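The block underneath contains the structure these notes are about, expressed in structure tokens.
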Amino acid sequence: MFLSGRQTEILDIAKAEGRVQVEELALRFSVTPQTIRKDLNDLCDGRVLSRVHGGAIFPGGTENVKYEARRSIAALEKQAIGRAAAGLIPNNSSLFINIGTTTEAVGEALLGHHELMVITNNINVANKLRIFPSIEVVIAGGVVRGSDGGIVGEAAVDFIKQFKVDYAVIGASAIDGDGALLDFDFREVKVAQAIIANARHVILVADSTKFERTAPVRIGHLSQVHTFVTDECRVESVRTTAAEHDVRLVETFRRQI
């Protein structure tokens, strides 16, 4: 989904405030309400926002965002996170890459690496890496989710348990202030837990919008990872938790105060 400059700003406002109003946006951008309504309709058609009377809201709570819409949310931040996380992984390594648009950004950033063994339950990652002869791709078996190409279920869990790798790259749909890592699909969570248990170094990748969301299923806790790569950790309690548990915090962008 292509977003205009104004639509990107509207999305940023919705992410920050949770809700946007047609009349307020029309005044802010000096355009007609009809123009704003078209912007909101486009954003809602792309499943980035949800339409409500008089405006739109940023999806939160237990509502997941469609895969293509997730790709457009914080896209530049995800690219920077992907590059930073890939920089932590040396050549001649074995690693898991889990489901998620941010983990996919890590996969894309690994294309210049050599002699990697990548085990993944993400069809999109496997498809991008498979054409590079210096990267061996091993894909999990199991149920394929049509919505995002993720492979989930007990068969995927059993497959992951066969390996013990150097690194794991995992994501989360939401991060609580107490450091809990959360997701929406319990089947996906079981695979993520197996990945965490069978890697020597776990890298969590998540952009800062994940601090603004919640999800019903617990993956684990920040203390179970070794490195957390984000654009900016805006929640002090999460920063404190990382420090207390010796989790390396890598921020690709830190707002100047």
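Naming scheme: A, B, ... for chains in displayed order of the structure tokens; residues 1 onward per chain; ligands 1 onward as shown.
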
Using DSSP on the backbone, list every residue of segment 5-42 of chain A that comes out as alpha helix (DSSP H), and give them as number ranges by chain.
A: 5-17, 22-29, 33-42

Residues from last step as file, N, CA and C atoms, as a compact mmCIF listing (two decimals), in the first residue's frame:
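As written to disk, part-v2.txt reads:
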# COMPACT_ATOMS: atom_id res chain seq x y z
N GLY A 5 2.24 11.64 1.58
CA GLY A 5 2.84 12.30 2.74
C GLY A 5 1.81 12.65 3.80
N ARG A 6 0.65 13.15 3.37
CA ARG A 6 -0.39 13.51 4.33
C ARG A 6 -0.96 12.26 5.02
N GLN A 7 -1.15 11.20 4.24
CA GLN A 7 -1.67 9.97 4.85
C GLN A 7 -0.68 9.38 5.86
N THR A 8 0.61 9.49 5.56
CA THR A 8 1.62 9.02 6.52
C THR A 8 1.54 9.83 7.81
N GLU A 9 1.38 11.14 7.69
CA GLU A 9 1.25 11.98 8.89
C GLU A 9 -0.01 11.63 9.66
N ILE A 10 -1.11 11.39 8.94
CA ILE A 10 -2.37 11.01 9.61
C ILE A 10 -2.18 9.71 10.38
N LEU A 11 -1.49 8.76 9.76
CA LEU A 11 -1.24 7.48 10.42
C LEU A 11 -0.39 7.67 11.67
N ASP A 12 0.63 8.54 11.59
CA ASP A 12 1.48 8.81 12.75
C ASP A 12 0.67 9.43 13.89
N ILE A 13 -0.24 10.34 13.56
CA ILE A 13 -1.09 10.97 14.57
C ILE A 13 -1.99 9.92 15.22
N ALA A 14 -2.57 9.04 14.39
CA ALA A 14 -3.45 7.99 14.91
C ALA A 14 -2.70 7.04 15.82
N LYS A 15 -1.45 6.71 15.46
CA LYS A 15 -0.64 5.82 16.30
C LYS A 15 -0.33 6.48 17.63
N ALA A 16 -0.06 7.80 17.60
CA ALA A 16 0.31 8.51 18.82
C ALA A 16 -0.89 8.76 19.72
N GLU A 17 -2.04 9.08 19.13
CA GLU A 17 -3.21 9.49 19.92
C GLU A 17 -4.30 8.44 19.98
N VAL A 22 -12.09 13.87 11.60
CA VAL A 22 -12.09 14.49 10.27
C VAL A 22 -11.92 15.99 10.37
N GLU A 23 -12.73 16.65 11.20
CA GLU A 23 -12.69 18.11 11.26
C GLU A 23 -11.34 18.62 11.76
N GLU A 24 -10.79 17.98 12.75
CA GLU A 24 -9.49 18.40 13.28
C GLU A 24 -8.39 18.24 12.24
N LEU A 25 -8.44 17.13 11.49
CA LEU A 25 -7.42 16.92 10.46
C LEU A 25 -7.57 17.91 9.32
N ALA A 26 -8.81 18.24 8.97
CA ALA A 26 -9.04 19.21 7.90
C ALA A 26 -8.43 20.56 8.26
N LEU A 27 -8.60 20.99 9.52
CA LEU A 27 -7.99 22.24 9.98
C LEU A 27 -6.47 22.14 10.01
N ARG A 28 -5.98 21.03 10.47
CA ARG A 28 -4.53 20.86 10.61
C ARG A 28 -3.81 20.92 9.26
N PHE A 29 -4.41 20.30 8.24
CA PHE A 29 -3.77 20.22 6.93
C PHE A 29 -4.29 21.26 5.94
N PRO A 33 -12.91 18.71 4.50
CA PRO A 33 -13.26 17.45 5.17
C PRO A 33 -13.40 16.29 4.18
N GLN A 34 -13.88 16.59 2.97
CA GLN A 34 -14.03 15.54 1.95
C GLN A 34 -12.67 14.92 1.60
N THR A 35 -11.63 15.76 1.53
CA THR A 35 -10.29 15.26 1.24
C THR A 35 -9.81 14.34 2.35
N ILE A 36 -10.06 14.74 3.61
CA ILE A 36 -9.65 13.92 4.75
C ILE A 36 -10.43 12.61 4.77
N ARG A 37 -11.71 12.68 4.47
CA ARG A 37 -12.52 11.45 4.45
C ARG A 37 -11.97 10.46 3.42
N LYS A 38 -11.54 10.97 2.28
CA LYS A 38 -10.95 10.09 1.26
C LYS A 38 -9.65 9.47 1.79
N ASP A 39 -8.82 10.29 2.45
CA ASP A 39 -7.60 9.75 3.05
C ASP A 39 -7.91 8.64 4.04
N LEU A 40 -8.87 8.90 4.91
CA LEU A 40 -9.23 7.91 5.93
C LEU A 40 -9.81 6.65 5.29
N ASN A 41 -10.63 6.85 4.24
CA ASN A 41 -11.19 5.68 3.56
C ASN A 41 -10.08 4.83 2.94
N ASP A 42 -9.08 5.50 2.34
CA ASP A 42 -7.95 4.76 1.76
C ASP A 42 -7.19 3.99 2.83

Identify, with DSSP run on backbone atoms, the residues in segment 113-180 of chain A assigned to strand (DSSP E), and express the list as a PyMOL selection string.
chain A and resi 116-120+135-139+143-144+151-152+165-170+174-175+180

Create the file for the chosen residues now, containing C-alpha atoms and written as an mmCIF file, in the first residue's frame.
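Output file part.cif is given in full below:
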data_model
loop_
_atom_site.group_PDB
_atom_site.id
_atom_site.type_symbol
_atom_site.label_atom_id
_atom_site.label_comp_id
_atom_site.auth_asym_id
_atom_site.auth_seq_id
_atom_site.Cartn_x
_atom_site.Cartn_y
_atom_site.Cartn_z
ATOM 1 C CA LEU A 116 24.458 -18.857 6.765
ATOM 2 C CA MET A 117 22.032 -21.603 7.681
ATOM 3 C CA VAL A 118 18.591 -20.039 8.113
ATOM 4 C CA ILE A 119 15.776 -22.095 9.616
ATOM 5 C CA THR A 120 12.444 -20.350 9.336
ATOM 6 C CA ILE A 135 22.603 -19.000 2.350
ATOM 7 C CA GLU A 136 21.134 -22.417 3.098
ATOM 8 C CA VAL A 137 17.413 -22.169 3.817
ATOM 9 C CA VAL A 138 15.560 -24.784 5.846
ATOM 10 C CA ILE A 139 11.803 -24.321 6.154
ATOM 11 C CA VAL A 143 -0.037 -25.414 8.770
ATOM 12 C CA VAL A 144 0.511 -22.396 6.495
ATOM 13 C CA ILE A 151 3.883 -21.809 9.374
ATOM 14 C CA VAL A 152 2.380 -22.695 12.748
ATOM 15 C CA VAL A 165 21.318 -22.661 16.583
ATOM 16 C CA ASP A 166 23.602 -19.713 17.215
ATOM 17 C CA TYR A 167 20.966 -16.973 16.905
ATOM 18 C CA ALA A 168 17.211 -16.519 16.868
ATOM 19 C CA VAL A 169 15.384 -13.507 15.464
ATOM 20 C CA ILE A 170 11.907 -13.146 16.925
ATOM 21 C CA ALA A 174 2.878 -6.175 21.615
ATOM 22 C CA ILE A 175 5.225 -5.465 24.521
ATOM 23 C CA ALA A 180 5.854 -9.336 28.743
#

Give me the residues within 8 Å of Ile57 of chain A as a ChimeraX atom specification, counting only C-alpha atoms and dropping any in the same chain fewer than 2 places off.
/A:14,18-20,49-52,55,59

Same residues, C-alpha atoms, output as a CSV table (one decimal), in the first residue's frame:
chain,number,residue,atom,x,y,z
A,14,ALA,CA,-3.5,8.0,14.9
A,18,GLY,CA,-5.2,6.4,19.1
A,19,ARG,CA,-7.9,8.3,17.2
A,20,VAL,CA,-8.2,11.0,14.6
A,49,LEU,CA,-6.9,2.3,10.4
A,50,SER,CA,-10.4,1.4,11.4
A,51,ARG,CA,-13.3,3.8,10.5
A,52,VAL,CA,-15.5,5.1,13.3
A,55,GLY,CA,-12.9,9.8,12.1
A,59,PRO,CA,-6.2,-0.8,15.7

A:Arg187, A:Thr240, A:Ala140, A:Ser94 ranked by distance to His114 of chain A, top pick (using only C-alpha atoms)
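Closest to His114 of chain A, using only C-alpha atoms: A:Ser94.
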
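Proximity ranking of A:Arg213, A:Arg83, A:His221, A:Arg200 relative to Val238 of chain A places A:His221 first, based on only C-alpha atoms.
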
Shell around Gly220 of chain A at 8 Å using only C-alpha atoms, local window under 4 positions removed, as a PyMOL selection string
chain A and resi 180-182+193+224

Can I get the selected residues back with all heavy atoms, as a PDB file, in the first residue's frame?
ATOM      1  N   ALA A 180       6.497  -8.167  29.350  1.00  0.00           N
ATOM      2  CA  ALA A 180       5.854  -9.336  28.743  1.00  0.00           C
ATOM      3  C   ALA A 180       5.796  -9.159  27.225  1.00  0.00           C
ATOM      4  O   ALA A 180       5.463  -8.087  26.723  1.00  0.00           O
ATOM      5  CB  ALA A 180       4.447  -9.526  29.301  1.00  0.00           C
ATOM      6  N   LEU A 181       6.130 -10.230  26.497  1.00  0.00           N
ATOM      7  CA  LEU A 181       6.062 -10.253  25.038  1.00  0.00           C
ATOM      8  C   LEU A 181       4.784 -10.978  24.640  1.00  0.00           C
ATOM      9  O   LEU A 181       4.540 -12.108  25.089  1.00  0.00           O
ATOM     10  CB  LEU A 181       7.281 -10.965  24.461  1.00  0.00           C
ATOM     11  CG  LEU A 181       8.647 -10.511  24.999  1.00  0.00           C
ATOM     12  CD1 LEU A 181       9.766 -11.327  24.368  1.00  0.00           C
ATOM     13  CD2 LEU A 181       8.852  -9.026  24.757  1.00  0.00           C
ATOM     14  N   LEU A 182       3.970 -10.354  23.795  1.00  0.00           N
ATOM     15  CA  LEU A 182       2.614 -10.836  23.541  1.00  0.00           C
ATOM     16  C   LEU A 182       2.342 -11.024  22.059  1.00  0.00           C
ATOM     17  O   LEU A 182       2.942 -10.366  21.206  1.00  0.00           O
ATOM     18  CB  LEU A 182       1.591  -9.863  24.132  1.00  0.00           C
ATOM     19  CG  LEU A 182       1.774  -9.519  25.611  1.00  0.00           C
ATOM     20  CD1 LEU A 182       0.879  -8.352  26.003  1.00  0.00           C
ATOM     21  CD2 LEU A 182       1.473 -10.729  26.486  1.00  0.00           C
ATOM     22  N   GLN A 193       8.129 -19.881  21.242  1.00  0.00           N
ATOM     23  CA  GLN A 193       8.712 -20.392  22.481  1.00  0.00           C
ATOM     24  C   GLN A 193       9.748 -21.479  22.194  1.00  0.00           C
ATOM     25  O   GLN A 193      10.796 -21.539  22.851  1.00  0.00           O
ATOM     26  CB  GLN A 193       7.605 -20.918  23.388  1.00  0.00           C
ATOM     27  CG  GLN A 193       6.738 -19.807  23.971  1.00  0.00           C
ATOM     28  CD  GLN A 193       5.482 -20.319  24.654  1.00  0.00           C
ATOM     29  OE1 GLN A 193       5.055 -21.453  24.427  1.00  0.00           O
ATOM     30  NE2 GLN A 193       4.888 -19.489  25.495  1.00  0.00           N
ATOM     31  N   GLN A 224      14.103 -13.136  28.751  1.00  0.00           N
ATOM     32  CA  GLN A 224      14.493 -14.358  28.042  1.00  0.00           C
ATOM     33  C   GLN A 224      15.295 -14.067  26.775  1.00  0.00           C
ATOM     34  O   GLN A 224      15.758 -15.000  26.127  1.00  0.00           O
ATOM     35  CB  GLN A 224      13.256 -15.175  27.681  1.00  0.00           C
ATOM     36  CG  GLN A 224      12.515 -15.752  28.881  1.00  0.00           C
ATOM     37  CD  GLN A 224      11.229 -16.423  28.465  1.00  0.00           C
ATOM     38  OE1 GLN A 224      10.163 -15.822  28.435  1.00  0.00           O
ATOM     39  NE2 GLN A 224      11.334 -17.696  28.113  1.00  0.00           N
TER      40      GLN A 224
END

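Each of A:Asp183, A:Leu129, A:Phe58, A:His245 was compared to Glu212 of chain A using only C-alpha atoms, and A:Phe58 turns out to be the nearest.
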
Let me make sure I understand: among A:His201, A:Arg218, A:Arg248, A:Arg234, which one has the smallest atom-to-atom distance to Ser93 of chain A if we use only C-alpha atoms?
A:His201
